[in-house]
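Novice: This is the structure, below, for whatever I ask next.
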Protein chains: 2
Amino acid sequence: MSSPAQRRTTIKDVAEMAGVGVATVSRVLSGGSASAETRERVLDAATKLDYRPSALGRNLRQQRSGGIALLVPDITDNFYARLADGVLSCARSYREPVTIGVTGDDPEQEADLVGSLLEQSMDRVIAVPSGDGEMWAPALRAGLSVVFADRRVWRDPAPGQQRVLDEVPAVLADDRAGVRTAVEYLTGLGHRKIGFLARHGQTQRTRAFRTAMGELLDEELVVPARASRDSAYAAASGLFQRRPDITAVLTGDNMLGEAAVLAARELDVRIPRDLSLVMFDDVPWAELCSPPLTVVAQPAQDIGYRAAELVMRQGRRPKTVMLPTQLIIRGSCGPRR
Amino acid sequence: MSSPAQRRTTIKDVAEMAGVGVATVSRVLSGGSASAETRERVLDAATKLDYRPSALGRNLRQQRSGGIALLVPDITDNFYARLADGVLSCARSYREPVTIGVTGDDPEQEADLVGSLLEQSMDRVIAVPSGDGEMWAPALRAGLSVVFADRRVWRDPAPGQQRVLDEVPAVLADDRAGVRTAVEYLTGLGHRKIGFLARHGQTQRTRAFRTAMGELLDEELVVPARASRDSAYAAASGLFQRRPDITAVLTGDNMLGEAAVLAARELDVRIPRDLSLVMFDDVPWAELCSPPLTVVAQPAQDIGYRAAELVMRQGRRPKTVMLPTQLIIRGSCGPRR
DNA sequence: AATTCTGATGGAATCGTTTCCATGAGCAGT
DNA sequence: ACTGCTCATGGAAACGATTCCATCAGAATT
């Protein structure tokens, strides 16, 4: 039924054909020293046999499987998909495979995934963290090198752990500046009652919003949502009904933006006439909406790419990389009526 | 600098602690036969030492690394992201890691990726194939079990290879029915001059369109595009300018749908007044468009899930699985003016 | 000429698991 | 009591690479 399952050609075959020892073959192939003549004979035999070193053997010996693991909350979210694409594209240039896991923004699932990563002896992880310090500290101690992307862990009860987590490099979009720019743009248009829809875990953005609003802040206009479409819609719809006096809203991500557009349409709130909308993250459909959505664009692909670069350069661990956001003005904001 | 790098606990440690041989530990842990008393002692030691078998050792021994590889053209495309999500969710229940590669719809990159898969001794692949039979036959001969998703390979010059490729299971959306339903819907509204925007590689859908149109078919209204945003836009814009007499258009995927919406807006073609639009694939933003887009929905997540199920059940290889599509009528189609 | 040094080379150990095989104990059937 | 049978069990081989270490030849130094 199945194929005759031809035996793989191993390093031994190459050694035999070239008339040298396996050690020499290994050295030649991994750039060690060898005489020109030997090198040629080995290379010749290798190509002739179409030899490809088995990653399995290498991995076992080196006690670590190559490759990069990537943990994202939701791969169907365009932002994380672009982030993943960035990781993939950098990893490709290193010829490293990428294993992807989705956490659903759930610390428990995340812990579970990290566990199976360790089982696989993966030692390079890029994560959009959902869990807190308590969850990541053991992983670090287990020897894997982690880079955070898009978020970093914030809550951290035990004092000893803070240090180890500060050592974790992170690649972030400049949330603070992004939020500030958006808020300033809206206040510049005359808006005073500005809502903020944020997902749990978007601590940085929420904090930045509070700061940027200053004395205009109305705590009742800051509504949290869980990481699901339903929860996002409920948050948006609830806010619009509870406080029909708001004239502008900023959403912490594109799912909440989608929810806001839908809820506004449902409640017959016109954008931008009745409500100005700024959404975090410039997804392709932002331009297709009518009106096209004004957004705070994040370099999602770059975030992924840079994170992958960082996780590959194990040696020197640079500080956090902060990438700029950009306010892209389209048609979803108008002056306060 | 880095952690003290504590040695991993191995099966040997467990054997020692339980006072048995390593073979016995292995048997107990993988469900072999053992006396009740021994089993308990081993299990006890294993939990006490927090032992997790190293996937590396196992993989080398079994000559295959576990896990599933997934090859998609573009992970930022919502359709493939949902497909990937389905694979991920099935794989999780088997506790199998998933390695993702993007092919960019380029046979060369695809071949490259398959090569590195073999290097990793991956033997389970789910692929949205870009290359033809010549490219996949060697991979099959090398012993990996492949499941195609969304597409299957069609062109196949050598007669001997046809058979082996027919043996590859595939999980597909019912393109033919989907296209037929859409075309019937449009003709039912009175449309006669219907355009079709398709990407290269969407052979099945193109063929189905030709069949469904019957004698209404105008070959000039069938325009191919390459797999890029620019090419998609050029195709849509070109069609609309060249043939202002068309009253309806069907797009072969969501990127072309996006391009059609944009091009129509740019050329001041109103939807649905001047042009009715049906798009393949129900992406979330289809509902956000105005008017909301009428679409042929595909069960992307299911396709991925089923493909993963198939690739896990190595034994019996079922025939092709065909999943239904569904026409979701929203607001982008109107009667012919 | 004797010595030291350098660089190439191959044998063998090693990584952690699974699995083959031999051993021995216990038990039932004759 | 002897044979045959079924189990549980542990030792050891195997997987395929890397790398330590010893060896050896030839060149350079004394």
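The chains in the structure tokens are called A, B, ... from first to last as shown; in each chain the residues are counted from 1, and the ligands are counted from 1 in the order shown.
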Near Ser30 in chain A, counting only C-alpha atoms (C1' of nucleotides), which residues have an atom at most 12 Å away, once you skip same-chain residues fewer than 6 positions from it, shown as a list in words?
Specialist: Ala23, Thr24, Arg39, Val42, Leu43, Pro53 and Arg58 of chain A; DA17 and DT18 of chain D
Novice: Taking 4 positions as the minimum chain separation for residues in the same chain, which residues sit within 9 Å of Ile329 in chain A when counting only C-alpha atoms (C1' of nucleotides)? Answer as JSON, numbers by chain.
Specialist: {"A": [278, 293, 294, 295, 296, 333]}
Novice: Mind dumping the selected residues with all heavy atoms as a PDB file, in the first residue's frame?
Specialist:
ATOM      1  N   VAL A 278     -12.306  56.461  15.975  1.00  0.00           N
ATOM      2  CA  VAL A 278     -10.914  56.148  15.649  1.00  0.00           C
ATOM      3  C   VAL A 278     -10.654  54.738  16.144  1.00  0.00           C
ATOM      4  O   VAL A 278     -10.988  54.393  17.271  1.00  0.00           O
ATOM      5  CB  VAL A 278      -9.921  57.117  16.317  1.00  0.00           C
ATOM      6  CG1 VAL A 278      -8.490  56.720  15.978  1.00  0.00           C
ATOM      7  CG2 VAL A 278     -10.176  58.547  15.883  1.00  0.00           C
ATOM      8  N   LEU A 293     -12.420  54.303   7.642  1.00  0.00           N
ATOM      9  CA  LEU A 293     -12.132  54.552   9.052  1.00  0.00           C
ATOM     10  C   LEU A 293     -10.785  55.240   9.285  1.00  0.00           C
ATOM     11  O   LEU A 293      -9.774  54.851   8.731  1.00  0.00           O
ATOM     12  CB  LEU A 293     -12.127  53.217   9.802  1.00  0.00           C
ATOM     13  CG  LEU A 293     -13.396  52.838  10.554  1.00  0.00           C
ATOM     14  CD1 LEU A 293     -14.641  53.253   9.815  1.00  0.00           C
ATOM     15  CD2 LEU A 293     -13.412  51.344  10.847  1.00  0.00           C
ATOM     16  N   THR A 294     -10.823  56.237  10.129  1.00  0.00           N
ATOM     17  CA  THR A 294      -9.594  56.847  10.621  1.00  0.00           C
ATOM     18  C   THR A 294      -8.996  55.911  11.669  1.00  0.00           C
ATOM     19  O   THR A 294      -9.702  55.437  12.551  1.00  0.00           O
ATOM     20  CB  THR A 294      -9.911  58.215  11.251  1.00  0.00           C
ATOM     21  OG1 THR A 294     -10.358  59.098  10.213  1.00  0.00           O
ATOM     22  CG2 THR A 294      -8.692  58.792  11.933  1.00  0.00           C
ATOM     23  N   VAL A 295      -7.715  55.630  11.519  1.00  0.00           N
ATOM     24  CA  VAL A 295      -7.113  54.611  12.374  1.00  0.00           C
ATOM     25  C   VAL A 295      -5.759  55.016  12.927  1.00  0.00           C
ATOM     26  O   VAL A 295      -5.105  55.917  12.394  1.00  0.00           O
ATOM     27  CB  VAL A 295      -6.907  53.290  11.595  1.00  0.00           C
ATOM     28  CG1 VAL A 295      -8.210  52.724  11.102  1.00  0.00           C
ATOM     29  CG2 VAL A 295      -5.927  53.511  10.443  1.00  0.00           C
ATOM     30  N   VAL A 296      -5.369  54.340  13.987  1.00  0.00           N
ATOM     31  CA  VAL A 296      -4.001  54.410  14.471  1.00  0.00           C
ATOM     32  C   VAL A 296      -3.303  53.168  13.927  1.00  0.00           C
ATOM     33  O   VAL A 296      -3.551  52.060  14.386  1.00  0.00           O
ATOM     34  CB  VAL A 296      -3.945  54.412  16.007  1.00  0.00           C
ATOM     35  CG1 VAL A 296      -2.493  54.425  16.480  1.00  0.00           C
ATOM     36  CG2 VAL A 296      -4.697  55.593  16.566  1.00  0.00           C
ATOM     37  N   CYS A 333     -14.185  60.665  11.223  1.00  0.00           N
ATOM     38  CA  CYS A 333     -14.221  61.659  12.279  1.00  0.00           C
ATOM     39  C   CYS A 333     -14.677  63.002  11.729  1.00  0.00           C
ATOM     40  O   CYS A 333     -14.296  63.376  10.616  1.00  0.00           O
ATOM     41  CB  CYS A 333     -12.843  61.837  12.915  1.00  0.00           C
ATOM     42  SG  CYS A 333     -12.266  60.379  13.756  1.00  0.00           S
TER      43      CYS A 333
END
Novice: For chain B against chain C, which residues fall within 9 Å using only C-alpha atoms (C1' of nucleotides), given as a list in words?
Specialist: Thr10, Ile11, Lys12, Ala23, Ser26, Arg27, Pro53, Ser54, Ala55, Leu56, Gly57, Arg58, Asn59, Leu60, Arg61 and Gln62 of chain B
Novice: Pull C-alpha atoms from the residues just selected and write them as a PDB file, in the first residue's frame.
Specialist:
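That gives us part.pdb:
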ATOM      1  CA  THR B  10      15.132  11.808  31.981  1.00  0.00           C
ATOM      2  CA  ILE B  11      13.501   8.468  31.867  1.00  0.00           C
ATOM      3  CA  LYS B  12      16.576   7.095  33.593  1.00  0.00           C
ATOM      4  CA  ALA B  23      12.186  -0.158  29.457  1.00  0.00           C
ATOM      5  CA  SER B  26       8.682   3.533  28.830  1.00  0.00           C
ATOM      6  CA  ARG B  27       6.109   0.774  28.665  1.00  0.00           C
ATOM      7  CA  PRO B  53       9.379  12.631  28.033  1.00  0.00           C
ATOM      8  CA  SER B  54      11.655  14.437  25.612  1.00  0.00           C
ATOM      9  CA  ALA B  55      10.109  14.649  22.195  1.00  0.00           C
ATOM     10  CA  LEU B  56      13.639  14.755  20.795  1.00  0.00           C
ATOM     11  CA  GLY B  57      14.578  11.288  21.939  1.00  0.00           C
ATOM     12  CA  ARG B  58      11.298   9.822  20.910  1.00  0.00           C
ATOM     13  CA  ASN B  59      11.397  11.449  17.520  1.00  0.00           C
ATOM     14  CA  LEU B  60      14.860  10.217  16.750  1.00  0.00           C
ATOM     15  CA  ARG B  61      13.965   6.714  17.775  1.00  0.00           C
ATOM     16  CA  GLN B  62      10.748   6.651  15.789  1.00  0.00           C
TER      17      GLN B  62
END
Novice: What lies within 9 Å of Val183 in chain B using only C-alpha atoms (C1' of nucleotides), ignoring chain neighbours under 2 positions off, as a list of chain:residue names?
Specialist: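 Near Val183 in chain B, the qualifying residues are B:Gly178, B:Val179, B:Arg180, B:Thr181, B:Tyr185, B:Leu186, B:Thr187, B:Gly188, B:Ile194, B:Phe209, B:Ala212, B:Met213, B:Leu250.
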Novice: One number please: CA of Ala84 in chain B to CA of Thr99 in chain B, in Å, one decimal.
Specialist: 10.3 Å
Novice: Write down, as a PyMOL selection string, each residue of chain B that has any atom within 8 Å of an atom of chain A, counting only C-alpha atoms.
Specialist: chain B and resi 2-3+5-6+52-57+59-60+63-65+75-78+81-82+84-85+88+95+97-102+116+119-121+141-143+258+261-262+285+288-290
Novice: Dump as an MDAnalysis selection string the residues of chain D that approach chain B to within 12 Å, counting only C-alpha atoms (C1' of nucleotides).
Specialist: chainID D and resid 7:17
Novice: Do you know which residues are at most 12 Å from Asp230 in chain B counting only C-alpha atoms (C1' of nucleotides), after dropping those on the same chain fewer than 3 positions away, and could you put them as a PyMOL selection string?
Specialist: chain B and resi 225-227+233-238+255-256+258-260+262-263
Novice: Between A:Val87, A:Leu71, A:Pro169, A:Arg330, which residue has the minimum interatomic distance to Gln109 in chain A, considering only C-alpha atoms?
Specialist: A:Leu71
Novice: Could you work out how far CA of Gly133 in chain A lies from CA of Val147 in chain A, giving the answer in Å with one decimal?
Specialist: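 These atoms are spaced 13.7 Å apart.
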Novice: Which of these, A:Leu216, A:Val321, A:Val269, A:Leu277, has the shortest distance to Ala149 in chain A once you count only C-alpha atoms?
Specialist: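 Once distances to Ala149 in chain A are computed over only C-alpha atoms, the minimum belongs to A:Val321.
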Novice: List every residue of range 143-265 of chain B that DSSP, applied to the backbone of this structure, assigns to strand (DSSP E or B), and report them as a ChimeraX atom specification.
Specialist: /B:145-149,170-173,194-199,222-225,248-251
Novice: Next, write the just-selected residues to a file, as a tab-separated table (two decimals), in the first residue's frame, keeping C-alpha atoms as the atom set.
Specialist:
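And here's part_13.tsv as it stands now:
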chain	number	residue	atom	x	y	z
B	145	SER	CA	1.38	11.79	4.20
B	146	VAL	CA	-0.23	14.76	2.58
B	147	VAL	CA	-3.72	16.18	2.69
B	148	PHE	CA	-4.69	18.93	0.34
B	149	ALA	CA	-7.02	21.67	1.49
B	170	ALA	CA	-8.34	16.54	-0.16
B	171	VAL	CA	-10.82	18.67	1.71
B	172	LEU	CA	-12.51	21.12	-0.57
B	173	ALA	CA	-15.32	23.59	-0.61
B	194	ILE	CA	-21.55	38.88	-15.73
B	195	GLY	CA	-17.84	39.25	-15.12
B	196	PHE	CA	-15.60	36.88	-13.23
B	197	LEU	CA	-12.43	37.92	-11.46
B	198	ALA	CA	-10.29	34.94	-10.60
B	199	ARG	CA	-6.83	34.37	-9.34
B	222	VAL	CA	-13.29	36.33	-17.40
B	223	VAL	CA	-10.16	38.04	-16.09
B	224	PRO	CA	-7.30	36.40	-14.29
B	225	ALA	CA	-5.13	38.09	-11.70
B	248	ALA	CA	-22.68	42.09	-12.36
B	249	VAL	CA	-19.41	40.56	-11.24
B	250	LEU	CA	-18.37	37.54	-9.25
B	251	THR	CA	-14.98	37.47	-7.58
Novice: As a VMD selection string, which residues of range 136-309 of chain B does DSSP assign to alpha helix (DSSP H)?
Specialist: chain B and resid 136 to 141 159 to 166 175 to 188 203 to 213 229 to 242 254 to 266 300 to 309
